[in-house]
>>> print(open('my_file23.pdb').read())   # PDB, C-alpha atoms
ATOM      1  CA  MET A   2      19.919   9.292 -52.174
ATOM      2  CA  LEU A   3      22.956   7.107 -51.459
ATOM      3  CA  VAL A   4      24.838   7.348 -48.146
ATOM      4  CA  ASP A   5      28.343   6.126 -47.348
ATOM      5  CA  HIS A   6      27.915   4.778 -43.809
ATOM      6  CA  GLU A   7      31.649   5.044 -43.047
ATOM      7  CA  THR A   8      32.163   8.662 -44.063
ATOM      8  CA  GLY A   9      28.576   9.916 -43.941
ATOM      9  CA  ALA A  10      28.934  11.320 -47.444
ATOM     10  CA  GLU A  11      25.717  11.653 -49.383
ATOM     11  CA  TRP A  12      25.200  11.274 -53.116
ATOM     12  CA  VAL A  13      22.017  12.494 -54.799
ATOM     13  CA  PRO A  14      22.005  11.177 -58.392
ATOM     14  CA  LEU A  15      19.322  13.569 -59.623
ATOM     15  CA  ALA A  16      21.503  16.509 -58.625
ATOM     16  CA  HIS A  17      24.187  15.449 -61.099
ATOM     17  CA  LEU A  18      22.158  14.955 -64.258
ATOM     18  CA  GLY A  19      22.772  16.962 -67.391
ATOM     19  CA  GLY A  20      26.555  16.641 -67.665
ATOM     20  CA  ASP A  21      28.470  14.650 -70.258
ATOM     21  CA  GLY A  22      28.120  10.901 -69.834
ATOM     22  CA  THR A  23      25.564  11.065 -67.018
ATOM     23  CA  GLY A  24      22.532  10.225 -69.113
ATOM     24  CA  ARG A  25      19.101  11.772 -68.997
ATOM     25  CA  PHE A  26      16.144  11.472 -66.648
ATOM     26  CA  ALA A  27      12.600  12.404 -67.686
ATOM     27  CA  VAL A  28       9.228  12.187 -65.918
ATOM     28  CA  HIS A  29       6.093  11.836 -68.036
ATOM     29  CA  ASP A  30       2.537  11.804 -66.734
ATOM     30  CA  SER A  31       0.691   9.086 -68.627
ATOM     31  CA  LEU A  32      -2.997   9.231 -69.511
ATOM     32  CA  LEU A  33      -5.206   7.126 -67.247
ATOM     33  CA  SER A  34      -7.614   5.822 -69.855
ATOM     34  CA  GLU A  35      -9.942   3.002 -68.896
ATOM     35  CA  TYR A  36     -11.389   3.363 -72.398
ATOM     36  CA  ALA A  37      -8.022   2.385 -73.901
ATOM     37  CA  ALA A  38      -7.281  -0.326 -71.334
ATOM     38  CA  LEU A  39     -10.618  -2.099 -71.719
ATOM     39  CA  GLY A  40     -10.450  -1.724 -75.494
ATOM     40  CA  PHE A  41      -7.065  -3.474 -75.507
ATOM     41  CA  GLU A  42      -8.290  -6.315 -73.289
ATOM     42  CA  TYR A  43     -11.416  -6.749 -75.385
ATOM     43  CA  GLY A  44      -9.343  -7.042 -78.543
ATOM     44  CA  TYR A  45      -6.992  -9.509 -76.878
ATOM     45  CA  SER A  46      -9.901 -11.694 -75.739
ATOM     46  CA  VAL A  47     -11.291 -11.779 -79.288
ATOM     47  CA  ASP A  48      -7.921 -12.727 -80.756
ATOM     48  CA  ALA A  49      -7.122 -15.320 -78.044
ATOM     49  CA  PRO A  50     -10.438 -17.022 -77.259
ATOM     50  CA  GLU A  51      -8.663 -19.878 -75.464
ATOM     51  CA  SER A  52      -7.266 -17.452 -72.842
ATOM     52  CA  LEU A  53      -8.866 -16.191 -69.650
ATOM     53  CA  VAL A  54      -8.608 -12.423 -70.139
ATOM     54  CA  CYS A  55      -9.626 -10.346 -67.104
ATOM     55  CA  TRP A  56      -9.876  -6.585 -66.719
ATOM     56  CA  GLU A  57     -10.141  -5.408 -63.129
ATOM     57  CA  ALA A  58     -11.082  -1.913 -62.070
ATOM     58  CA  GLN A  59      -9.641  -0.575 -58.838
ATOM     59  CA  PHE A  60     -13.150   0.637 -58.092
ATOM     60  CA  GLY A  61     -16.311  -0.336 -59.906
ATOM     61  CA  ASP A  62     -17.028   3.194 -61.070
ATOM     62  CA  PHE A  63     -13.811   3.168 -63.136
ATOM     63  CA  ALA A  64     -15.880   1.421 -65.798
ATOM     64  CA  ASN A  65     -17.564   4.800 -66.425
ATOM     65  CA  GLY A  66     -14.626   5.883 -68.560
ATOM     66  CA  ALA A  67     -14.873   2.710 -70.619
ATOM     67  CA  GLN A  68     -18.599   2.926 -71.297
ATOM     68  CA  VAL A  69     -18.129   3.374 -75.068
ATOM     69  CA  ILE A  70     -16.285   0.038 -75.276
ATOM     70  CA  ILE A  71     -18.918  -1.624 -73.098
ATOM     71  CA  ASP A  72     -21.889  -0.314 -75.086
ATOM     72  CA  ASN A  73     -20.536  -0.768 -78.593
ATOM     73  CA  PHE A  74     -18.424  -3.882 -78.273
ATOM     74  CA  LEU A  75     -18.840  -5.845 -75.061
ATOM     75  CA  VAL A  76     -22.630  -6.092 -75.072
ATOM     76  CA  ALA A  77     -23.499  -5.696 -78.771
ATOM     77  CA  ALA A  78     -20.662  -7.076 -80.918
ATOM     78  CA  GLU A  79     -22.206 -10.530 -81.262
ATOM     79  CA  ASP A  80     -25.589  -9.103 -82.203
ATOM     80  CA  LYS A  81     -24.083  -6.656 -84.722
ATOM     81  CA  TRP A  82     -21.191  -8.575 -86.250
ATOM     82  CA  GLY A  83     -21.305 -12.118 -84.833
ATOM     83  CA  GLN A  84     -18.117 -11.353 -82.930
ATOM     84  CA  ARG A  85     -17.814 -13.257 -79.668
ATOM     85  CA  CYS A  86     -15.414 -12.940 -76.752
ATOM     86  CA  GLY A  87     -14.973 -14.287 -73.244
ATOM     87  CA  LEU A  88     -13.640 -11.136 -71.582
ATOM     88  CA  VAL A  89     -14.101 -10.973 -67.795
ATOM     89  CA  MET A  90     -14.761  -7.615 -66.133
ATOM     90  CA  LEU A  91     -14.034  -7.586 -62.396
ATOM     91  CA  LEU A  92     -15.791  -4.594 -60.870
ATOM     92  CA  PRO A  93     -15.623  -3.972 -57.107
ATOM     93  CA  HIS A  94     -19.125  -3.170 -55.874
ATOM     94  CA  GLY A  95     -18.990  -1.758 -52.400
ATOM     95  CA  TYR A  96     -21.703  -0.122 -50.307
ATOM     96  CA  GLU A  97     -19.428  -0.255 -47.270
ATOM     97  CA  GLY A  98     -19.924   3.432 -46.505
ATOM     98  CA  GLN A  99     -17.138   4.747 -48.722
ATOM     99  CA  GLY A 100     -17.402   7.802 -50.944
ATOM    100  CA  PRO A 101     -20.245   7.988 -53.453
ATOM    101  CA  GLU A 102     -18.101   7.612 -56.550
ATOM    102  CA  HIS A 103     -16.455   4.390 -55.387
ATOM    103  CA  SER A 104     -19.527   2.675 -53.966
ATOM    104  CA  SER A 105     -21.144   1.220 -57.030
ATOM    105  CA  ALA A 106     -20.182  -0.617 -60.204
ATOM    106  CA  ARG A 107     -23.662   0.224 -61.472
ATOM    107  CA  ILE A 108     -25.227  -3.234 -61.653
ATOM    108  CA  GLU A 109     -28.338  -1.599 -63.063
ATOM    109  CA  ARG A 110     -26.478  -0.411 -66.168
ATOM    110  CA  PHE A 111     -25.264  -3.876 -67.081
ATOM    111  CA  LEU A 112     -28.684  -5.422 -66.449
ATOM    112  CA  THR A 113     -30.273  -2.797 -68.696
ATOM    113  CA  LEU A 114     -27.805  -3.787 -71.415
ATOM    114  CA  SER A 115     -28.505  -7.497 -70.992
ATOM    115  CA  ALA A 116     -30.603  -9.185 -73.686
ATOM    116  CA  ARG A 117     -30.657 -12.294 -75.844
ATOM    117  CA  GLY A 118     -27.989 -14.012 -73.746
ATOM    118  CA  ASN A 119     -25.307 -11.469 -74.642
ATOM    119  CA  MET A 120     -23.364 -11.732 -71.350
ATOM    120  CA  ARG A 121     -23.401 -12.993 -67.775
ATOM    121  CA  VAL A 122     -23.822 -10.609 -64.836
ATOM    122  CA  THR A 123     -22.892 -12.175 -61.510
ATOM    123  CA  GLN A 124     -22.190 -11.387 -57.884
ATOM    124  CA  PRO A 125     -20.495 -14.374 -56.176
ATOM    125  CA  THR A 126     -20.339 -14.289 -52.386
ATOM    126  CA  THR A 127     -17.918 -17.081 -51.452
ATOM    127  CA  ALA A 128     -14.408 -18.052 -52.479
ATOM    128  CA  ALA A 129     -15.580 -21.352 -53.993
ATOM    129  CA  GLN A 130     -18.326 -19.632 -55.960
ATOM    130  CA  TYR A 131     -15.804 -17.161 -57.378
ATOM    131  CA  PHE A 132     -13.407 -20.003 -58.266
ATOM    132  CA  HIS A 133     -16.061 -22.063 -60.033
ATOM    133  CA  LEU A 134     -17.378 -18.983 -61.823
ATOM    134  CA  LEU A 135     -13.976 -18.246 -63.369
ATOM    135  CA  ARG A 136     -13.485 -21.940 -64.050
ATOM    136  CA  SER A 137     -16.758 -22.057 -65.961
ATOM    137  CA  GLN A 138     -15.565 -19.122 -68.060
ATOM    138  CA  VAL A 139     -12.330 -20.942 -68.907
ATOM    139  CA  ARG A 140     -14.344 -23.977 -69.930
ATOM    140  CA  GLY A 141     -16.303 -21.844 -72.375
ATOM    141  CA  ALA A 142     -19.599 -20.911 -70.738
ATOM    142  CA  GLY A 143     -21.247 -19.716 -73.935
ATOM    143  CA  GLY A 144     -18.256 -17.747 -75.197
ATOM    144  CA  GLN A 145     -19.794 -14.588 -73.805
ATOM    145  CA  PRO A 146     -18.460 -11.720 -71.660
ATOM    146  CA  LEU A 147     -18.644 -12.159 -67.901
ATOM    147  CA  VAL A 148     -19.290  -9.245 -65.530
ATOM    148  CA  VAL A 149     -18.375  -9.983 -61.913
ATOM    149  CA  MET A 150     -19.422  -7.678 -59.089
ATOM    150  CA  THR A 151     -16.952  -8.279 -56.254
ATOM    151  CA  PRO A 152     -17.734  -6.809 -52.824
ATOM    152  CA  LYS A 153     -14.469  -5.568 -51.326
ATOM    153  CA  SER A 154     -15.518  -6.241 -47.737
ATOM    154  CA  LEU A 155     -15.803  -9.974 -48.493
ATOM    155  CA  LEU A 156     -12.180 -10.327 -49.623
ATOM    156  CA  ARG A 157     -11.009 -11.186 -46.103
ATOM    157  CA  ALA A 158     -14.343 -11.890 -44.428
ATOM    158  CA  GLU A 159     -14.667 -15.188 -42.616
ATOM    159  CA  VAL A 160     -18.224 -15.706 -43.868
ATOM    160  CA  SER A 161     -17.005 -15.833 -47.468
ATOM    161  CA  ARG A 162     -14.480 -18.603 -46.869
ATOM    162  CA  SER A 163     -15.014 -22.038 -48.389
ATOM    163  CA  ARG A 164     -13.870 -25.520 -47.425
ATOM    164  CA  ILE A 165     -11.317 -27.324 -49.604
ATOM    165  CA  GLU A 166     -13.879 -29.851 -50.814
ATOM    166  CA  GLU A 167     -16.059 -27.021 -52.103
ATOM    167  CA  PHE A 168     -13.262 -26.179 -54.540
ATOM    168  CA  THR A 169     -12.485 -29.740 -55.589
ATOM    169  CA  SER A 170     -16.085 -30.689 -56.372
ATOM    170  CA  GLY A 171     -19.264 -29.073 -57.593
ATOM    171  CA  GLY A 172     -19.580 -25.988 -59.745
ATOM    172  CA  PHE A 173     -20.938 -22.467 -59.864
ATOM    173  CA  ARG A 174     -24.457 -22.187 -58.457
ATOM    174  CA  VAL A 175     -26.598 -19.401 -59.894
ATOM    175  CA  VAL A 176     -28.771 -19.460 -56.756
ATOM    176  CA  VAL A 177     -27.568 -20.371 -53.255
ATOM    177  CA  ASP A 178     -30.086 -21.535 -50.671
ATOM    178  CA  ASP A 179     -30.118 -20.467 -47.033
ATOM    179  CA  PRO A 180     -27.108 -22.140 -45.362
ATOM    180  CA  PHE A 181     -29.016 -22.416 -42.088
ATOM    181  CA  ALA A 182     -31.871 -24.462 -43.540
ATOM    182  CA  PRO A 183     -31.363 -28.263 -43.225
ATOM    183  CA  ALA A 184     -30.555 -30.209 -46.381
ATOM    184  CA  THR A 185     -29.136 -27.210 -48.202
ATOM    185  CA  ALA A 186     -27.969 -27.404 -51.775
ATOM    186  CA  ASP A 187     -24.460 -28.493 -50.797
ATOM    187  CA  GLY A 188     -25.862 -31.253 -48.591
ATOM    188  CA  ARG A 189     -24.303 -30.209 -45.284
ATOM    189  CA  GLN A 190     -25.809 -29.131 -42.017
ATOM    190  CA  PRO A 191     -25.065 -25.566 -40.844
ATOM    191  CA  GLU A 192     -22.382 -25.184 -38.199
ATOM    192  CA  SER A 193     -24.555 -23.010 -35.968
ATOM    193  CA  VAL A 194     -27.040 -23.254 -33.147
ATOM    194  CA  LEU A 195     -29.469 -21.394 -35.397
ATOM    195  CA  VAL A 196     -31.425 -23.701 -37.696
ATOM    196  CA  ILE A 197     -34.232 -22.594 -39.986
ATOM    197  CA  GLU A 198     -36.926 -25.203 -40.541
ATOM    198  CA  PRO A 199     -38.173 -24.822 -44.156
ATOM    199  CA  SER A 200     -41.751 -25.768 -43.282
ATOM    200  CA  GLU A 201     -41.934 -22.913 -40.737
ATOM    201  CA  VAL A 202     -40.640 -20.195 -43.058
ATOM    202  CA  ALA A 203     -43.230 -17.470 -43.678
ATOM    203  CA  ARG A 204     -41.047 -15.087 -45.674
ATOM    204  CA  VAL A 205     -38.367 -15.691 -48.294
ATOM    205  CA  VAL A 206     -35.825 -12.893 -48.691
ATOM    206  CA  LEU A 207     -33.991 -12.813 -52.018
ATOM    207  CA  CYS A 208     -30.817 -10.749 -52.273
ATOM    208  CA  SER A 209     -27.548 -10.512 -54.155
ATOM    209  CA  GLY A 210     -24.100  -9.785 -52.747
ATOM    210  CA  LYS A 211     -22.811  -9.069 -49.265
ATOM    211  CA  ILE A 212     -26.137  -7.779 -47.932
ATOM    212  CA  ALA A 213     -27.110 -11.448 -47.552
ATOM    213  CA  PHE A 214     -24.537 -11.951 -44.800
ATOM    214  CA  ASP A 215     -25.650  -8.764 -43.055
ATOM    215  CA  ALA A 216     -29.218 -10.065 -43.174
ATOM    216  CA  MET A 217     -28.223 -13.452 -41.743
ATOM    217  CA  LYS A 218     -26.404 -11.775 -38.856
ATOM    218  CA  TRP A 219     -29.420  -9.537 -38.192
ATOM    219  CA  ARG A 220     -31.767 -12.539 -38.276
ATOM    220  CA  GLU A 221     -29.613 -14.396 -35.765
ATOM    221  CA  ARG A 222     -29.799 -11.448 -33.391
ATOM    222  CA  LEU A 223     -33.584 -11.482 -33.694
ATOM    223  CA  MET A 224     -33.978 -15.229 -33.184
ATOM    224  CA  THR A 225     -31.528 -15.538 -30.276
ATOM    225  CA  GLY A 226     -32.570 -12.370 -28.455
ATOM    226  CA  SER A 227     -34.856 -12.029 -25.449
ATOM    227  CA  VAL A 228     -37.633 -10.284 -27.401
ATOM    228  CA  PRO A 229     -40.038 -12.632 -29.252
ATOM    229  CA  ALA A 230     -38.911 -12.866 -32.854
ATOM    230  CA  PRO A 231     -41.122 -12.753 -35.960
ATOM    231  CA  PRO A 232     -41.662 -15.985 -37.925
ATOM    232  CA  PRO A 233     -38.379 -17.159 -39.449
ATOM    233  CA  ALA A 234     -37.342 -15.895 -42.850
ATOM    234  CA  ALA A 235     -35.208 -17.776 -45.345
ATOM    235  CA  ILE A 236     -32.404 -15.772 -46.962
ATOM    236  CA  VAL A 237     -31.565 -16.830 -50.514
ATOM    237  CA  ARG A 238     -28.688 -15.461 -52.593
ATOM    238  CA  VAL A 239     -29.090 -14.804 -56.316
ATOM    239  CA  GLU A 240     -25.500 -15.170 -57.508
ATOM    240  CA  GLN A 241     -26.251 -14.775 -61.212
ATOM    241  CA  LEU A 242     -28.536 -11.935 -62.192
ATOM    242  CA  TYR A 243     -28.354 -12.479 -65.936
ATOM    243  CA  PRO A 244     -29.238 -14.774 -67.547
ATOM    244  CA  TRP A 245     -32.008 -14.648 -64.958
ATOM    245  CA  PRO A 246     -32.185 -18.015 -63.084
ATOM    246  CA  GLU A 247     -35.957 -18.415 -63.202
ATOM    247  CA  ALA A 248     -36.017 -22.228 -63.267
ATOM    248  CA  GLU A 249     -33.561 -22.523 -60.359
ATOM    249  CA  LEU A 250     -35.509 -20.001 -58.292
ATOM    250  CA  SER A 251     -38.754 -21.841 -58.921
ATOM    251  CA  VAL A 252     -37.290 -25.127 -57.681
ATOM    252  CA  LEU A 253     -35.728 -23.528 -54.631
ATOM    253  CA  LEU A 254     -38.892 -21.701 -53.583
ATOM    254  CA  ASP A 255     -40.727 -25.032 -53.522
ATOM    255  CA  ARG A 256     -38.627 -25.886 -50.453
ATOM    256  CA  TYR A 257     -40.669 -23.352 -48.467
ATOM    257  CA  PRO A 258     -44.293 -24.461 -48.900
ATOM    258  CA  GLY A 259     -45.623 -22.301 -46.070
ATOM    259  CA  ALA A 260     -44.122 -19.016 -47.231
ATOM    260  CA  THR A 261     -46.583 -16.330 -48.294
ATOM    261  CA  GLU A 262     -44.278 -13.334 -48.765
ATOM    262  CA  LEU A 263     -41.319 -12.796 -51.085
ATOM    263  CA  VAL A 264     -38.996  -9.842 -50.417
ATOM    264  CA  TRP A 265     -36.254  -8.525 -52.666
ATOM    265  CA  LEU A 266     -33.620  -6.951 -50.418
ATOM    266  CA  GLN A 267     -30.826  -4.810 -51.836
ATOM    267  CA  ASP A 268     -28.213  -2.448 -50.450
ATOM    268  CA  GLU A 269     -28.518   0.032 -53.315
ATOM    269  CA  PRO A 270     -31.073   2.847 -53.682
ATOM    270  CA  GLU A 271     -34.451   1.913 -55.132
ATOM    271  CA  ASN A 272     -33.677   3.258 -58.612
ATOM    272  CA  MET A 273     -30.370   1.352 -58.768
ATOM    273  CA  GLY A 274     -29.173  -2.176 -58.141
ATOM    274  CA  ALA A 275     -31.007  -5.234 -59.449
ATOM    275  CA  TRP A 276     -34.560  -4.393 -58.358
ATOM    276  CA  PRO A 277     -35.626  -2.444 -61.490
ATOM    277  CA  PHE A 278     -34.521  -5.469 -63.536
ATOM    278  CA  ALA A 279     -35.760  -8.213 -61.196
ATOM    279  CA  HIS A 280     -39.174  -6.708 -60.473
ATOM    280  CA  GLY A 281     -41.012  -7.825 -63.597
ATOM    281  CA  ARG A 282     -39.318 -11.221 -63.657
ATOM    282  CA  LEU A 283     -40.223 -11.954 -60.051
ATOM    283  CA  HIS A 284     -43.776 -10.761 -60.569
ATOM    284  CA  ARG A 285     -44.172 -13.133 -63.491
ATOM    285  CA  LEU A 286     -42.736 -16.008 -61.450
ATOM    286  CA  VAL A 287     -44.580 -15.633 -58.134
ATOM    287  CA  ARG A 288     -47.614 -13.351 -58.642
ATOM    288  CA  ASP A 289     -50.104 -16.155 -57.950
ATOM    289  CA  ARG A 290     -48.272 -17.464 -54.913
ATOM    290  CA  TYR A 291     -46.589 -14.698 -52.900
ATOM    291  CA  ALA A 292     -47.094 -11.135 -51.809
ATOM    292  CA  LEU A 293     -44.110  -9.480 -53.499
ATOM    293  CA  ARG A 294     -42.353  -6.411 -52.119
ATOM    294  CA  HIS A 295     -38.884  -4.894 -52.148
ATOM    295  CA  VAL A 296     -36.658  -3.236 -49.565
ATOM    296  CA  SER A 297     -33.956  -0.751 -50.539
ATOM    297  CA  ARG A 298     -32.484   2.608 -49.695
ATOM    298  CA  PRO A 299     -34.518   5.634 -50.883
ATOM    299  CA  GLU A 300     -34.199   6.776 -54.477
ATOM    300  CA  SER A 301     -31.038   8.775 -55.048
ATOM    301  CA  ALA A 302     -29.234  10.695 -57.762
ATOM    302  CA  SER A 303     -25.895   9.659 -56.238
ATOM    303  CA  PRO A 304     -24.760   6.043 -55.780
ATOM    304  CA  ALA A 305     -24.167   6.610 -52.039
ATOM    305  CA  THR A 306     -24.639   9.214 -49.327
ATOM    306  CA  GLY A 307     -20.982  10.024 -48.721
ATOM    307  CA  SER A 308     -21.692   9.997 -44.972
ATOM    308  CA  ALA A 309     -20.720   6.918 -42.968
ATOM    309  CA  ALA A 310     -23.215   7.787 -40.233
ATOM    310  CA  LEU A 311     -26.145   8.159 -42.636
ATOM    311  CA  HIS A 312     -25.007   5.044 -44.520
ATOM    312  CA  ASN A 313     -25.210   2.981 -41.313
ATOM    313  CA  ILE A 314     -28.618   4.388 -40.406
ATOM    314  CA  GLU A 315     -29.991   3.442 -43.827
ATOM    315  CA  HIS A 316     -28.312   0.042 -43.592
ATOM    316  CA  ASP A 317     -30.045  -0.838 -40.319
ATOM    317  CA  ASP A 318     -33.321   0.542 -41.642
ATOM    318  CA  ILE A 319     -33.434  -1.814 -44.651
ATOM    319  CA  LEU A 320     -32.643  -4.820 -42.432
ATOM    320  CA  VAL A 321     -35.479  -3.880 -40.072
ATOM    321  CA  ARG A 322     -37.907  -3.548 -42.974
ATOM    322  CA  ALA A 323     -36.793  -6.820 -44.504
ATOM    323  CA  LEU A 324     -36.633  -8.984 -41.383
ATOM    324  CA  GLY A 325     -38.250  -7.152 -38.511
TER     325      GLY A 325
END
>>> encode(input="my_file23.pdb", output="structure tokens")
Amino acid sequence: MLVDHETGAEWVPLAHLGGDGTGRFAVHDSLLSEYAALGFEYGYSVDAPESLVCWEAQFGDFANGAQVIIDNFLVAAEDKWGQRCGLVMLLPHGYEGQGPEHSSARIERFLTLSARGNMRVTQPTTAAQYFHLLRSQVRGAGGQPLVVMTPKSLLRAEVSRSRIEEFTSGGFRVVVDDPFAPATADGRQPESVLVIEPSEVARVVLCSGKIAFDAMKWRERLMTGSVPAPPPAAIVRVEQLYPWPEAELSVLLDRYPGATELVWLQDEPENMGAWPFAHGRLHRLVRDRYALRHVSRPESASPATGSAALHNIEHDDILVRALG
């Protein structure tokens, strides 16, 4: 609507359509097809291998509608036809208490489809890690598809920020050591009164995604509280789930010679997330050295509860079981 501020006269263009010389106005509802959108981006990435082609879903579960493209092309085209591509799929993976359908990008599906180095499945937790991950894709990390699980709550979170020098040097790390343990992988001391001495660590907690920061905050409450805390636990982030970083994990675990227990902690229900995939690989790696167990939400047919109150209760429960 247009208004003449001097006279107050109003002009509504849509009320004057249909006459001679006024043109036409039509409204069409377009089909929201993730199947078509991902198919287009996949084809573009095959035709322009020198380009960084990214397809981002508003919510991770939007990939459900594109599952045919994922199954038949993204994960199997190289095995079937020798056709390679570097397409990047950015899938928000939440577990912040939102509705069930928008909580999960179904990490377990992509890990089930992973074999023979057909793609990378990652979950970066800092800005620098995300930058170096995309940079590695541009530089041709195997010419394979890249699946990135991106927790929405970390987009503006202070804990996910990185210093300038972390962007200008280094690269993507498939495993990130505990930032509160001295002599960490990036060679800097933690900016905190809480310091974890590697030789005193009795339990190593492996996790992927934002749950690591929740665990670190919970651990700090335990260690700085008035109640005697359990022996310190190291919290290690697995930033690349496939290809599985077995060699890097083996080297990192050697930093904790006194640890006797290895815990896989995840925010997802037991039958989802990375645990069904990681279980056998961890057992093969540490069965003669650690007592291995996992901590997760109970098995579920739905990706999330749909209740913020129940979500928070389950969230605190898994942190208690993982850390005390």
>>> resolve_selection(input="my_file23.pdb", expression="the PyMOL selection byres ((chain A and resi 150-163) around 6)", output="JSON, numbers by chain")
{"A": [92, 93, 94, 95, 124, 127, 128, 129, 149, 164]}
>>> write_last_selection(input="my_file23.pdb", atoms="C-alpha atoms", output="CSV table (one decimal), in the coordinates of the input")
chain,number,residue,atom,x,y,z
A,92,LEU,CA,-15.8,-4.6,-60.9
A,93,PRO,CA,-15.6,-4.0,-57.1
A,94,HIS,CA,-19.1,-3.2,-55.9
A,95,GLY,CA,-19.0,-1.8,-52.4
A,124,GLN,CA,-22.2,-11.4,-57.9
A,127,THR,CA,-17.9,-17.1,-51.5
A,128,ALA,CA,-14.4,-18.1,-52.5
A,129,ALA,CA,-15.6,-21.4,-54.0
A,149,VAL,CA,-18.4,-10.0,-61.9
A,164,ARG,CA,-13.9,-25.5,-47.4
>>> residues_around(input="my_file23.pdb", residues="region 73-78 of chain A", least_positions_apart="3", cutoff="10 Å", atoms="all atoms listed in the file", output="ChimeraX atom specification")
/A:39-40,43-44,68-70,81-88,90,111,114-116,118-120,145-147
>>> closest_atom_pairs(input="my_file23.pdb", of="region 102-203 of chain A", to="region 270-286 of chain A", cutoff="10 Å", atoms="all atoms listed in the file", output="JSON lines")
{"residue": "A:Ser105", "atom": "CA", "partner": "A:Gly274", "partner_atom": "CA", "distance": 8.8}
{"residue": "A:Ala106", "atom": "CA", "partner": "A:Gly274", "partner_atom": "CA", "distance": 9.4}
{"residue": "A:Arg107", "atom": "CA", "partner": "A:Gly274", "partner_atom": "CA", "distance": 6.9}
{"residue": "A:Ile108", "atom": "CA", "partner": "A:Gly274", "partner_atom": "CA", "distance": 5.4}
{"residue": "A:Glu109", "atom": "CA", "partner": "A:Gly274", "partner_atom": "CA", "distance": 5.0}
{"residue": "A:Arg110", "atom": "CA", "partner": "A:Met273", "partner_atom": "CA", "distance": 8.5}
{"residue": "A:Phe111", "atom": "CA", "partner": "A:Ala275", "partner_atom": "CA", "distance": 9.6}
{"residue": "A:Leu112", "atom": "CA", "partner": "A:Phe278", "partner_atom": "CA", "distance": 6.5}
{"residue": "A:Thr113", "atom": "CA", "partner": "A:Phe278", "partner_atom": "CA", "distance": 7.2}
{"residue": "A:Ser115", "atom": "CA", "partner": "A:Phe278", "partner_atom": "CA", "distance": 9.8}
>>> axis_aligned_box(input="my_file23.pdb", around="region 30-46 of chain A", padding_each_side="3 Å", output="AutoDock Vina command-line options")
--center_x -4.4 --center_y 0.1 --center_z -72.6 --size_x 20.0 --size_y 29.5 --size_z 17.8
>>> residues_around(input="my_file23.pdb", residues="region 257-267 of chain A", least_positions_apart="3", cutoff="7 Å", atoms="all atoms listed in the file", output="PDB file with C-alpha atoms, in the frame of the given file")
ATOM      1  CA  PRO A 199     -38.173 -24.822 -44.156  1.00  0.00           C
ATOM      2  CA  SER A 200     -41.751 -25.768 -43.282  1.00  0.00           C
ATOM      3  CA  GLU A 201     -41.934 -22.913 -40.737  1.00  0.00           C
ATOM      4  CA  VAL A 202     -40.640 -20.195 -43.058  1.00  0.00           C
ATOM      5  CA  ALA A 203     -43.230 -17.470 -43.678  1.00  0.00           C
ATOM      6  CA  ARG A 204     -41.047 -15.087 -45.674  1.00  0.00           C
ATOM      7  CA  VAL A 205     -38.367 -15.691 -48.294  1.00  0.00           C
ATOM      8  CA  VAL A 206     -35.825 -12.893 -48.691  1.00  0.00           C
ATOM      9  CA  LEU A 207     -33.991 -12.813 -52.018  1.00  0.00           C
ATOM     10  CA  CYS A 208     -30.817 -10.749 -52.273  1.00  0.00           C
ATOM     11  CA  SER A 209     -27.548 -10.512 -54.155  1.00  0.00           C
ATOM     12  CA  ILE A 212     -26.137  -7.779 -47.932  1.00  0.00           C
ATOM     13  CA  LEU A 254     -38.892 -21.701 -53.583  1.00  0.00           C
ATOM     14  CA  ARG A 290     -48.272 -17.464 -54.913  1.00  0.00           C
ATOM     15  CA  TYR A 291     -46.589 -14.698 -52.900  1.00  0.00           C
ATOM     16  CA  ALA A 292     -47.094 -11.135 -51.809  1.00  0.00           C
ATOM     17  CA  LEU A 293     -44.110  -9.480 -53.499  1.00  0.00           C
ATOM     18  CA  ARG A 294     -42.353  -6.411 -52.119  1.00  0.00           C
ATOM     19  CA  HIS A 295     -38.884  -4.894 -52.148  1.00  0.00           C
ATOM     20  CA  VAL A 296     -36.658  -3.236 -49.565  1.00  0.00           C
ATOM     21  CA  SER A 297     -33.956  -0.751 -50.539  1.00  0.00           C
ATOM     22  CA  ALA A 323     -36.793  -6.820 -44.504  1.00  0.00           C
TER      23      ALA A 323
END
>>> resolve_selection(input="my_file23.pdb", expression="the PyMOL selection byres ((chain A and resi 217) around 12)", output="PyMOL selection string")
chain A and resi 160+179-182+193+195-197+206-208+211-216+218-224+233-238+320+323-324
>>> atom_distance(input="my_file23.pdb", atom1="CA of Arg174 (chain A)", atom2="CA of Leu134 (chain A)")
8.5 Å
>>> closest_residue(input="my_file23.pdb", among="A:Glu35, A:Glu240, A:Glu7, A:Glu315", to="Tyr96 (chain A)", atoms="all atoms listed in the file")
A:Glu315
>>> atom_distance(input="my_file23.pdb", atom1="CA of Asp72 (chain A)", atom2="CA of His103 (chain A)")
21.0 Å
>>> closest_residue(input="my_file23.pdb", among="A:Val28, A:Glu247, A:Leu91, A:Ile314", to="Val122 (chain A)", atoms="all atoms listed in the file")
A:Leu91
>>> atom_distance(input="my_file23.pdb", atom1="CA of Arg136 (chain A)", atom2="CA of Asp268 (chain A)")
28.0 Å
>>> closest_residue(input="my_file23.pdb", among="A:Leu3, A:Ala10, A:Val177, A:Val148", to="Glu57 (chain A)", atoms="all atoms listed in the file")
A:Val148
>>> closest_residue(input="my_file23.pdb", among="A:Ala248, A:Ala67, A:Leu53, A:Leu18", to="Ala38 (chain A)", atoms="all atoms listed in the file")
A:Ala67
>>> closest_residue(input="my_file23.pdb", among="A:Ala302, A:Val176, A:Cys55, A:Ala230", to="Leu253 (chain A)", atoms="only C-alpha atoms")
A:Val176
>>> residues_near_point(input="my_file23.pdb", point="(-17.0, 8.8, -51.5)", cutoff="12 Å", atoms="only C-alpha atoms", output="PyMOL selection string")
chain A and resi 60+62+95-105+303-309+312
